[in-house]
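**Student:** Next up is a structure, given as structure tokens.
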Number of protein chains: 4
Amino acid sequence: MIAKTEAAGDTGLLPEVLAFSSSLALDLALVREDLLGSLAHLTMLSRQKIVPAADAKTIRAGLLELWSESAAGRLALPPEEDVHMAVESDLTRRLGATAGLLHTARSRNDQVALDLRLYVREQCAEVLASLGGLLELLATRAEAERDTVLPSYTHRQRAQPISLAYWFCAYGEMFARDVDAFAFALAQTDAMPLGVGAISGTSLPIDRETTRGLLGFSRITANGMDTVGDRDFALDQAYATTKMLLHASRLSTDIIDYTTTEFGFAKLDGQIACGSSMMPQKRNPDVFELARGKSGRAIGNLTGLLATVKGLPGGYNRDLQEDRATILETGPLARGVLSILQLAIPRVVFDRERCRAAVEGDMMQATDLAEALVKTGIPFREAYGLVGSLVRRCQERKISLADATVELARDVDPRLDASVLAAARPLDSVGRKISAGSTGPASVEKQITQLRAHAVRARETAAKVPRLTALFERLKDAAL
Amino acid sequence: MIAKTEAAGDTGLLPEVLAFSSSLALDLALVREDLLGSLAHLTMLSRQKIVPAADAKTIRAGLLELWSESAAGRLALPPEEDVHMAVESDLTRRLGATAGLLHTARSRNDQVALDLRLYVREQCAEVLASLGGLLELLATRAEAERDTVLPSYTHRQRAQPISLAYWFCAYGEMFARDVDAFAFALAQTDAMPLGVGAISGTSLPIDRETTRGLLGFSRITANGMDTVGDRDFALDQAYATTKMLLHASRLSTDIIDYTTTEFGFAKLDGQIACGSSMMPQKRNPDVFELARGKSGRAIGNLTGLLATVKGLPGGYNRDLQEDRATILETGPLARGVLSILQLAIPRVVFDRERCRAAVEGDMMQATDLAEALVKTGIPFREAYGLVGSLVRRCQERKISLADATVELARDVDPRLDASVLAAARPLDSVGRKISAGSTGPASVEKQITQLRAHAVRARETAAKVPRLTALFERLKDAAL
Amino acid sequence: MIAKTEAAGDTGLLPEVLAFSSSLALDLALVREDLLGSLAHLTMLSRQKIVPAADAKTIRAGLLELWSESAAGRLALPPEEDVHMAVESDLTRRLGATAGLLHTARSRNDQVALDLRLYVREQCAEVLASLGGLLELLATRAEAERDTVLPSYTHRQRAQPISLAYWFCAYGEMFARDVDAFAFALAQTDAMPLGVGAISGTSLPIDRETTRGLLGFSRITANGMDTVGDRDFALDQAYATTKMLLHASRLSTDIIDYTTTEFGFAKLDGQIACGSSMMPQKRNPDVFELARGKSGRAIGNLTGLLATVKGLPGGYNRDLQEDRATILETGPLARGVLSILQLAIPRVVFDRERCRAAVEGDMMQATDLAEALVKTGIPFREAYGLVGSLVRRCQERKISLADATVELARDVDPRLDASVLAAARPLDSVGRKISAGSTGPASVEKQITQLRAHAVRARETAAKVPRLTALFERLKDAAL
Amino acid sequence: MIAKTEAAGDTGLLPEVLAFSSSLALDLALVREDLLGSLAHLTMLSRQKIVPAADAKTIRAGLLELWSESAAGRLALPPEEDVHMAVESDLTRRLGATAGLLHTARSRNDQVALDLRLYVREQCAEVLASLGGLLELLATRAEAERDTVLPSYTHRQRAQPISLAYWFCAYGEMFARDVDAFAFALAQTDAMPLGVGAISGTSLPIDRETTRGLLGFSRITANGMDTVGDRDFALDQAYATTKMLLHASRLSTDIIDYTTTEFGFAKLDGQIACGSSMMPQKRNPDVFELARGKSGRAIGNLTGLLATVKGLPGGYNRDLQEDRATILETGPLARGVLSILQLAIPRVVFDRERCRAAVEGDMMQATDLAEALVKTGIPFREAYGLVGSLVRRCQERKISLADATVELARDVDPRLDASVLAAARPLDSVGRKISAGSTGPASVEKQITQLRAHAVRARETAAKVPRLTALFERLKDAAL
């Protein structure tokens with residue numbers, strides 16, 4: 001049951017109403033953020049002489065105590081409406097009326113905005129660090145599979161031969177865009193909200209720039225009415241997460257398909273996929289199915305948050321409390337999938353023989369042949385037609401295009417001579433590609449280098465974000 | 001950490017993979033459903049002589065033990081991949097190899113389908129019972145406010161006078177449709193999945209009709225491949241919940257607006273809205289803001305589940321495990337809002353004077369005047385124009401339409417005589433409405449009666465659903 | 001440009017505002033519904049003596065003229081805010097002031113509600129008729145493929161042998177649930193809204209039951225404030241459509257996979273899939289990819305409509321106009337996919353040899369073997385373990401389970417004798433299944449019969465709905 | 001009906017299948033983008049000597065002809081599967097086989113990627129330009145309303161007095177974030193896809209950097225497999241649009257509420273809101289309701305596109321064609337709302353007297369009073385309590401806080417002296433705020449300046465984007 005407290009004043013609220021409206025069960029995850037916000041606010045109040053230094057010292061000691069107990073897993077906050085009230089109430093229990101000084105020039109509206117921004121900032125940084133790791137891994141796997149040739153697909157039909165390196169780089173490119181998206185979300189989150197009060201600011205001589213500096217933000221928010229009702233930063237994170245999980249979902253579909261008996265391009269290591277004891281040959285790709293399933297979850301979380309914000313009046317509305325479940329789930333959701341991909345991808349073992357066999361037994365090099373004709377001066381659409389005739393002839397004879405003899409080819413059209421026909425060697429197809437962004441070796445080399453650069457960028461962006469533990473070290477004995 | 005177990009066989013899975021893929025944290029909420037399913041399955045196996053009666057007795061004793069411990073809050077299941085494995089593993093610990101008999105002709109694919117259906121069925125029944133209460137409440141409030149007149153709104157502009165009873169009935173109608181939607185979801189859920197095995201059925205002589213009867217379902221599912229991959233029933237519940245919360249969101253917006261200082265039509269009792277100790281006059285409508293916010297959450301949950309299912313191959317895919325969070329949240333979400341509305345609505349106190357004053361000071365009875373002219377034989381569009389002229393004249397004189405004198409009216413047009421002008425009395429406007437579905441007293445009376453009938457229907461539908469506790473009573477000593 | 005008209009009164013609206021707010025471009029699709037509503041309303045007004053019979057005749061002649069011109073594609077309505085104003089304005093141009101009589105006791109709020117319900121009702125009926133056809137088709141295809149054996153899948157890994165008939169029945173079951181959902185949407189739509197006016201009803205002696213009967217609805221809406229703000233019926237249709245397209249998306253994924261070179265279970269006929277002229281061997285499954293893609297679209301349409309309604313005040317709000325694009329797209333979306341499936345499915349040609357070969361070369365009958373052991377009295381978990389050992393032994397020798405000799409089996413465990421080993425014949429696996437809902441022949445026979453019954457039900461439900469053309473025949477010379 | 005063409009080869013496709021799969025109805029909107037892409041591709045092919053200069057000239061003349069006819073509204077493309085085939089087919093009709101040269105080293109997969117990026121880029125630029133105009137407008141309106149005082153709201157309850165300028169700035173801040181989001185979407189779109197072919201690149205000596213330069217992109221896409229399956233840029237635009245419309249929806253709710261009879265803070269000019277001729281006093285805020293409704297639509301479009309992409313295999317899948325409706329709707333949706341807001345906002349006329357009256361008659365300055373006490377050294381929570389007592393006393397006497405006499409105040413607590421009580425003058429409340437981001441005059445001045453800077457930034461970003469018409473001028477006589 002939720003008690004009435006000093007902070008909330010005498011309340012005749014029905015206990016059911018308190019239970020319905022309390023966010024404490026979720027908010028408890030934000031206790032570190034809340035304490036850091038209080039430490040920074042207190043330091044500022046003291047420096048501005050709004051709170052006497054002696055009182056500030058007392059209050060800081062109380063906050064440090066709470067932090068230690070929380071870190072040790074020993075903190076049992078009283079049942080209040082939210083984490084802010086719970087901390088205030090606990091602090092009052094410890095320090096008496098002095099605790100009340102901490103709440104000068106602050107309201108729960110700006111407090112929760114700060115806690116959420118600190119939380120989202122930390123999560124974005126962790127995601128970026130993890131994306132860096134994933135990109136590095138994909139680059140490494142690409143490097144090792146430069147010479148593995150397999151079919152590429154359009155419409156899930158075999159299209160053209162590519163190197164497996166190229167396939168890894170394709171997913172690398174998607175996750176590289178996610179670095180951009182998370183860097184954007186991070187930049188949007190990077191504004192310090194504390195000090196706007198309930199909505200309109202204060203007549204007390206606070207200094208928001210001091211608080212900003214202490215908490216490691218780049219700027220302060222510009223307008224309090226906007227600040228207390230703004231959850232755009234959370235939407236940005238939810239959106240970046242959703243798009244990243246879409247990429248993971250596509251990678252997962254490819255791996256799920258490639259590890260079927262039918263494709264047989266890859267096998268999952270027993271460390272990431274268990275068979276049943278009855279069917280030990282089975283290796284279910286649960287990890288990838290779950291990653292794909294979670295992309296649906298992310299879409300839902302994003303949509304829900306968008307719908308919650310839609311149509312609200314300006315300023316703070318309690319509807320916004322429904323942001324909590326999504327915000328708290330989003331970071332771990334993103335990080336969980338990124339971590340598991342980094343564990344799982346090295347344990348997807350490609351079967352180079354089967355990959356190559358798939359390329360050899362098909363007609364995927366038809367385009368190469370057409371391009372070889374174009375090089376001899378034949379217009380593309382005509383070349384296209386000639387190759388079509390040859391393919392049809394091969395089909396009739398039930399041979400693959402690679403097995404077409406010069407005689408057969410010349411019979412279709414004399415311009416299909418031996419030198420042109422050389423372009424029908426499927427395993428050479430990849431090597432012949434010379435355009436930028438292609439599966440050709442030179443381009444793939446460049447792609448790998450770029451992925452590494454993206455990895456570095458991701459990690460550097462992450463590294464610049466002050467983490468909660470670092471902030472604590474800075475704040476615990478900052479000059480008052 | 002998640003251990004390797006008898007059930008799963010030797011596993012070399014990475015602990016991180018087990019942690020990522022385990023659904024146990026959520027599944028634990030389904031332990032009662034899982035035990036009931038096992039009790040029914042066991043009873044059937046015994047009756048079909050697939051499991052010897054003596055063994056069946058032993059196993060049932062073990063299951064009953066688990067139920068008691070669970071009911072007493074003392075059950076600590078081992079860390080397994082899901083609740084089914086956890087129960088199996090714990091049972092094996094207690095009973096040894098005999099426990100293994102229980103898993104004959106069953107797989108986790110049909111087991112989870114059963115647990116989820118039992119859970120959703122119970123939740124739908126509870127929602128229906130609660131909807132019955134809400135409809136009854138709305139009917140009662142409508143009855144008490146038959147004579148309270150207030151403006152109705154279109155475009156959030158005052159439109160025509162209505163009775164407050166009519167306003168309550170409008171929301172009653174919406175929630176009455178929710179009874180239909182939940183009854184539909186319930187009917188869709190009401191098919192017994194157990195016995196289809198992993199996907200294709202079994203060669204053992206099971207009798208699914210027995211299991212169905214024991215678990216109180218109306219029918220068995222028709223095709224196993226469909227059954228193990230089907231979450232339509234959960235979608236149906238999520239959809240019904242979303243629509244119901246949309247209705248709650250609209251009711252909430254009305255109450256939030258009506259309790260502003262500006263509208264002033266109603267006040268919230270202190271039991272459901274606390275002021276701050278500094279601004280004791282404030283009564284924030286948090287309860288209604290949260291109800292509205294939760295409709296966003298419901299939209300997200302529905303969308304997420306739809307997206308998760310989209311594009312999956314037929315049969316069971318592990319992606320479906322991502323249904324868990326939504327399914328477990330949906331029932332409580334619906335019930336939480338319904339409960340709080342039933343507590344809060346009686347504590348929304350309308351200010352009849354302010355409501356009436358709003359009607360009197362306006363021009364909302366213009367349509368009544370036009371209809372009075374129509375009754376004298378003037379075509380509607382012409383009547384419409386005449387009234388427009390009169391309204392304009394009143395505006396110029398800054399008087400309300402009710403204060404227009406016969407002279408003024410006649411000056412606009414002689415057909416606007418005293419008998420027609422009588423229709424301009426705003427407080428009579430409601431009483432004059434005679435059409436079915438209108439705010440007129442006769443129609444409202446009928447609407448109230450209908451709401452009561454919907455309430456009865458909701459409760460009766462709910463009452464027919466066998467609850468988990470009742471099933472347990474039936475199963476704990478069913479003939480083996 | 002949108003003109004000012006008699007109906008709207010003098011307007012000084014900016015043309016950009018008229019352009020922004022006009023729904024005419026979409027509404028034009030509703031002109032038939034609008035005219036039918038007017039015909040029914042007029043008939044009622046005349047019978048109630050609210051409009052003189054002579055005038056009613058004149059107006060009806062005008063409406064019939066509009067209908068004919070519309071049917072002939074010659075109707076060019078004036079640029080108005082919406083279809084209702086456009087029809088009114090055009091009628092006034094033809095008939096002068098008499099046209100104004102038609103608008104007695106009616107407002108655009110109830111008029112649009114009627115038009116949309118008539119439209120949605122017709123679409124639901126068409127969808128149901130088409131679902132009937134699809135179910136019939138699936139039953140027929142199932143019948144023809146009773147003896148085709150192929151793998152079933154869980155986690156996209158081969159699971160157990162099934163008949164292709166069973167696979168068709170699985171999808172049949174899904175679409176059979178869609179019959180329920182569309183029948184529900186239809187029932188929810190089946191309430192006649194006209195006569196509630198702008199929001200509160202009327203003081204004129206209209207008879208909504210007459211209008212209801214003329215338009216073939218089962219009941220009238222109960223409360224006008226609810227009626228003018230209610231789009232639940234459109235949500236119900238959008239939801240039913242979304243779920244149906246999810247089923248189509250899963251069917252599509254299966255077919256897309258089965259027609260890959262790798263699976264090779266089926267081929268698409270050239271009538272539904274064209275190759276390029278260069279790669280004539282290619283048969284891209286575009287039709288199924290598009291059907292799957294459209295399920296995403298449906299999810300979006302549903303979500304958008306839910307979000308639009310969320311949080312609106314009671315009564316009519318212009319936000320609701322944003323329902324138009326979704327409502328008008330939803331019916332054709334559903335029908336388009338259903339039609340194309342009925343064209344395409346007969347042209348998916350399964351390769352029975354390749355299907356059978358996939359079953360024969362695998363270990364999918366392991367469960368059968370375990371069940372054979374269970375029948376000899378061995379507990380399931382133990383049987384499970386024994387079979388596992390045998391499978392492992394086969395893997396080591398690189399033979400399939402079907403090729404395991406009695407010696408090899410007995411070497412694993414003496415209970416694995418010849419009679420038990422007989423259960424390892426993969427092609428017999430399907431035939432051995434005897435449980436209800438299984439892939440066994442008896443159950444599949446029953447499933448096919450049920451699908452046919454669902455097809456009949458779908459068509460009968462559709463047939464009961466009065467179509468627009470039938471309504472016109474009824475209304476064009478109804479007694480005035 | 002859709003014909004078979006040179007380009008597609010002989011086709012036996014059912015006409016229904018062609019109709020179902022054709023995107024031409026939507027694609028036609030992309031004809032300019034398609035022609036520009038062809039002009040740039042042709043120029044590159046010619047410069048690289050892949051196409052002889054003479055042929056290139058002929059083809060360019062044909063393309064220019066198509067452009068002119070399209071610009072003049074005279075272009076009637078043949079009924080093909082998509083705009084690319086339609087253009088190719090028409091060009092072939094005009095030029096014969098030479099036209100075929102244009103398709104060298106190009107596929108529809110990269111062509112559609114280019115067309116969509118050109119389209120989205122142009123739309124983002126237009127939105128940014130329009131956002132610049134809106135920000136400028138909000139700054140100007142804020143400047144004019146520096147001295148208008150009105151209540152701010154939290155929970156839709158009056159909170160604290162603010163200036164109307166501050167309210168305008170709050171929305172300005174939201175739209176300023178939209179500048180960031182659209183700039184991000186623009187940057188993500190700014191990569192040139194042409195030249196990656198169907199998926200793997202080409203063996204012909206194309207130069208993608210040349211094409212990139214000609215089309216004014218900053219970079220080329222890095223990996224073809226990613227490129228042909230990537231619609232992230234469209235998601236980014238859809239997301240930015242959705243968030244922007246959420247801001248518009250909140251602004252709309254505020255204006256809808258403020259223009260109710262009950263709030264009465266503002267009136268809509270007759271140019272943007274028409275009354276009916278019967279109720280000329282009415283001014284329905286349709287424009288703002290529609291803007292709010294469209295935010296729901298945007299949420300749906302975004303969600304639908306996310307769901308469509310979810311779970312697709314890598315590379316191109318035809319599902320992606322379902323991007324078309326969303327992409328083509330999104331830009332106009334955003335621009336339509338931005339344009340109408342710029343027309344409508346200047347025509348929302350605030351009633352300064354009623355705004356001020358709302359502030360004077362309330363207790364919203366309670367916080368000011370508490371802060372005045374804090375300045376005298378009283379801890380905040382104690383000050384908070386004292387003010388609460390005073391407010392209660394005023395309530396009992398039914399006077400506003402501003403009317404509390406020094407005697408009454410002192411009677412509550414002697415520290416509530418005359419100098420403290422001076423802080424209870426509501427109209428001074430705004431002026432007393434001194435914190436950064438507050439409603440105080442200095443902060444608001446800074447906010448207005450910042451909004452102007454954001455406006456400049458938006459316009460400058462927009463101006464850098466080469467528009468289609470400018471590209472045409474560049475390409476129509478580029479050196480071949």
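Please note that chains go A, B, ... in the order of the structure tokens, that every chain numbers its residues from 1, and that ligands are numbered from 1 in the order shown.
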Taking only C-alpha atoms into account, produce a table as CSV in which each residue of chain D with an atom at most 8 Å from an atom of chain B appears once, together with its shortest atom pair and the distance in Å to one decimal, ordered by chain and rising number.

**Tutor:**
```
residue,atom,partner,partner_atom,distance
D:His155,CA,B:Asn284,CA,6.0
D:Arg156,CA,B:Thr260,CA,6.6
D:Gln157,CA,B:Thr260,CA,5.7
D:Arg158,CA,B:Thr261,CA,7.4
D:Ile256,CA,B:Arg156,CA,6.9
D:Asp257,CA,B:Arg156,CA,7.3
D:Thr260,CA,B:Gln157,CA,5.7
D:Thr261,CA,B:Gln157,CA,7.0
D:Glu262,CA,B:Phe263,CA,5.3
D:Phe263,CA,B:Glu262,CA,5.3
D:Ser277,CA,B:Gly388,CA,5.6
D:Met278,CA,B:Gly388,CA,3.8
D:Met279,CA,B:Gly388,CA,5.8
D:Pro280,CA,B:Gly388,CA,6.6
D:Gln281,CA,B:Arg392,CA,7.6
D:Lys282,CA,B:Gln157,CA,7.5
D:Arg283,CA,B:Gln157,CA,7.9
D:Asn284,CA,B:His155,CA,6.0
D:Pro285,CA,B:His155,CA,6.7
D:Asp286,CA,B:His155,CA,7.1
D:Glu289,CA,B:His155,CA,7.5
D:Ala307,CA,B:Ala307,CA,5.6
D:Lys310,CA,B:Ala307,CA,7.6
D:Gly311,CA,B:Gly311,CA,7.0
D:Met363,CA,B:Met279,CA,7.8
D:Ala366,CA,B:Met279,CA,7.1
D:Thr367,CA,B:Met278,CA,8.0
D:Tyr384,CA,B:Met278,CA,5.3
D:Gly385,CA,B:Met278,CA,5.8
D:Leu386,CA,B:Met278,CA,7.7
D:Val387,CA,B:Met278,CA,5.8
D:Gly388,CA,B:Met278,CA,3.8
D:Ser389,CA,B:Met278,CA,7.5
D:Val391,CA,B:Met279,CA,6.9
D:Arg392,CA,B:Pro280,CA,6.8
D:Gln395,CA,B:Gln281,CA,7.7
```

**Student:** Could you pull the residues within 10 Å of Cys394 in chain A, counting only C-alpha atoms, minus those fewer than 4 positions along the same chain, as a list in words?

**Tutor:** Met363, Gly388, Ser389, Leu390, Lys398, Ile399, Ser400, Leu401, Ala402, Asp403, Ala404, Thr405, Leu408 and Ala409 of chain A

**Student:** When you look at Leu246 in chain A with a cut-off of 6 Å (counting only C-alpha atoms), what residues show up, excluding the ones that are within fewer than 2 positions of it in the same chain? I need them as a list in words.

**Tutor:**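 In the requested format, the answer is Lys243, Met244, Ala248, Ser249 and Ser295 of chain A; Lys310 of chain D.
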
**Student:** Can I get the selection written as a short mmCIF file (atom, residue, chain, number, x, y, z; two decimals), in the first residue's frame, with N, CA, C and O atoms?

**Tutor:**
```cif
data_model
loop_
_atom_site.label_atom_id
_atom_site.label_comp_id
_atom_site.auth_asym_id
_atom_site.auth_seq_id
_atom_site.Cartn_x
_atom_site.Cartn_y
_atom_site.Cartn_z
N LYS A 243 14.45 0.85 -36.05
CA LYS A 243 15.10 0.70 -37.35
C LYS A 243 16.26 -0.28 -37.24
O LYS A 243 16.47 -1.11 -38.12
N MET A 244 16.99 -0.19 -36.15
CA MET A 244 18.11 -1.11 -35.95
C MET A 244 17.60 -2.55 -35.86
O MET A 244 18.20 -3.47 -36.42
N ALA A 248 18.26 -6.02 -37.92
CA ALA A 248 18.53 -7.33 -37.30
C ALA A 248 17.52 -8.37 -37.77
O ALA A 248 17.85 -9.55 -37.92
N SER A 249 16.29 -7.94 -38.00
CA SER A 249 15.25 -8.90 -38.43
C SER A 249 15.55 -9.43 -39.83
O SER A 249 15.29 -10.60 -40.13
N SER A 295 11.82 -7.22 -33.18
CA SER A 295 11.61 -6.05 -34.02
C SER A 295 10.13 -5.68 -34.05
O SER A 295 9.78 -4.50 -34.12
N LYS D 310 9.85 -5.15 -42.03
CA LYS D 310 10.20 -6.13 -41.00
C LYS D 310 10.32 -7.56 -41.54
O LYS D 310 9.41 -8.06 -42.19
#
```

**Student:** Using DSSP secondary structure from the backbone, list all strand (DSSP E or B) positions within range 212-296 of chain A, as a list in words.

**Tutor:** Arg219, Ile220, Ala266, Lys267 and Leu268 of chain A

**Student:** Pull the helix (DSSP H, G or I) assignments for range 117-283 of chain D out of DSSP run on the backbone, and list those residues as a ChimeraX atom specification.

**Tutor:** /D:117-144,164-189,208-215,224-229,232-258

**Student:** Give me the range 378-412 of chain D side of the contact with range 47-71 of chain A, cut-off 12 Å, one line per residue showing its nearest atom pair and distance in Å at one decimal, counting only C-alpha atoms, sorted by chain and residue number, as a Markdown table.

**Tutor:**
```
| residue | atom | partner | partner_atom | distance |
| --- | --- | --- | --- | --- |
| D:Ile378 | CA | A:Val51 | CA | 10.2 |
| D:Pro379 | CA | A:Val51 | CA | 8.6 |
| D:Phe380 | CA | A:Val51 | CA | 9.9 |
```

**Student:** Selection from above, N, CA, C and O atoms, as a JSON list (two decimals), in the first residue's frame, can you write it?

**Tutor:**
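Resulting contents of out.json:
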```
[["chain", "number", "residue", "atom", "x", "y", "z"],
["D", 378, "ILE", "N", 13.33, 31.21, 4.46],
["D", 378, "ILE", "CA", 12.50, 30.10, 4.91],
["D", 378, "ILE", "C", 12.67, 28.90, 3.97],
["D", 378, "ILE", "O", 12.64, 29.09, 2.75],
["D", 379, "PRO", "N", 12.90, 27.72, 4.51],
["D", 379, "PRO", "CA", 13.05, 26.55, 3.64],
["D", 379, "PRO", "C", 11.83, 26.36, 2.74],
["D", 379, "PRO", "O", 10.70, 26.64, 3.17],
["D", 380, "PHE", "N", 12.08, 25.83, 1.54],
["D", 380, "PHE", "CA", 11.03, 25.78, 0.55],
["D", 380, "PHE", "C", 9.80, 25.01, 1.01],
["D", 380, "PHE", "O", 8.66, 25.44, 0.82]]
```

**Student:** How many Å separate CA of Thr43 in chain C from CA of Ala191 in chain C?

**Tutor:**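 Between CA of Thr43 in chain C and CA of Ala191 in chain C the gap works out to 18.7 Å.
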
**Student:** Show which residues sit within 8 Å of Thr330 in chain B, as a list in words. Count only C-alpha atoms, and ignore same-chain residues fewer than 2 positions away.

**Tutor:**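 That gives Gln237, Ala238, Thr241, Ala298, Asn301, Thr326, Ile327, Leu328, Pro332, Leu333 and Ala334 of chain B.
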
**Student:** Just C-alpha atoms for this one: save the residues we selected as a PDB file, in the first residue's frame.

**Tutor:**
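Generated output (again-v7.pdb):
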```pdb
ATOM      1  CA  GLN B 237      -8.142  -9.633 -27.037  1.00  0.00           C
ATOM      2  CA  ALA B 238      -5.540  -6.928 -27.680  1.00  0.00           C
ATOM      3  CA  THR B 241      -8.807  -3.888 -25.253  1.00  0.00           C
ATOM      4  CA  ALA B 298      -2.724  -0.485 -25.912  1.00  0.00           C
ATOM      5  CA  ASN B 301       0.843  -3.487 -27.819  1.00  0.00           C
ATOM      6  CA  THR B 326       1.727  -8.111 -24.631  1.00  0.00           C
ATOM      7  CA  ILE B 327      -0.538 -10.957 -23.586  1.00  0.00           C
ATOM      8  CA  LEU B 328       0.389 -10.659 -19.945  1.00  0.00           C
ATOM      9  CA  PRO B 332      -4.503  -6.270 -16.404  1.00  0.00           C
ATOM     10  CA  LEU B 333      -4.383  -3.097 -18.493  1.00  0.00           C
ATOM     11  CA  ALA B 334      -8.045  -3.437 -19.425  1.00  0.00           C
TER      12      ALA B 334
END
```

**Student:** For Arg108 in chain C, list every protein, DNA or RNA residue within 10 Å, evaluated using only C-alpha atoms, and leave out those in the same chain fewer than 6 positions away; present the list as an NGL selection string.

**Tutor:** :C and (82-85 or 114 or 194 or 197-198 or 228)

**Student:** So what do you get for CA of Ala442 in chain B versus CA of Pro161 in chain B, distance-wise?

**Tutor:** 16.0 Å

**Student:** May I ask for the distance between CA of Ala183 in chain B and CA of Ser130 in chain B, given in Å to one decimal place?

**Tutor:** 12.9 Å

**Student:** Find the spatial neighbours of Leu26 in chain C, counting only C-alpha atoms, within a cut-off of 9 Å - ignore same-chain residues fewer than 2 positions away - and output them as a list in words.

**Tutor:**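 Residues near the query, excluding close chain neighbours: Ser23, Leu24, Leu28, Ala29, Leu30, Asp82, Val83, Arg324, Ala325 and Leu328 of chain C.
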
**Student:** Contacts of Ala105 in chain A at 9 Å or less, counting only C-alpha atoms, minus same-chain residues fewer than 3 places along, as an NGL selection string?

**Tutor:** (:A and (45 or 102 or 195-197 or 201-204 or 206)) or (:D and (371 or 380))

**Student:** In terms of the shortest atom-to-atom distance over only C-alpha atoms, which of C:Ala181, C:Leu305, C:Val374, C:Asp115 is closest to His103 in chain B?

**Tutor:**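 Answer, going by the shortest atom-to-atom distance: C:Val374.
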
**Student:** I need the residue nearest Ala86 in chain D from this list: D:Glu16, D:Glu136, D:Asp27, D:Asp269. Use only C-alpha atoms for the distance.

**Tutor:**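 Answer, going by the shortest atom-to-atom distance: D:Asp27.
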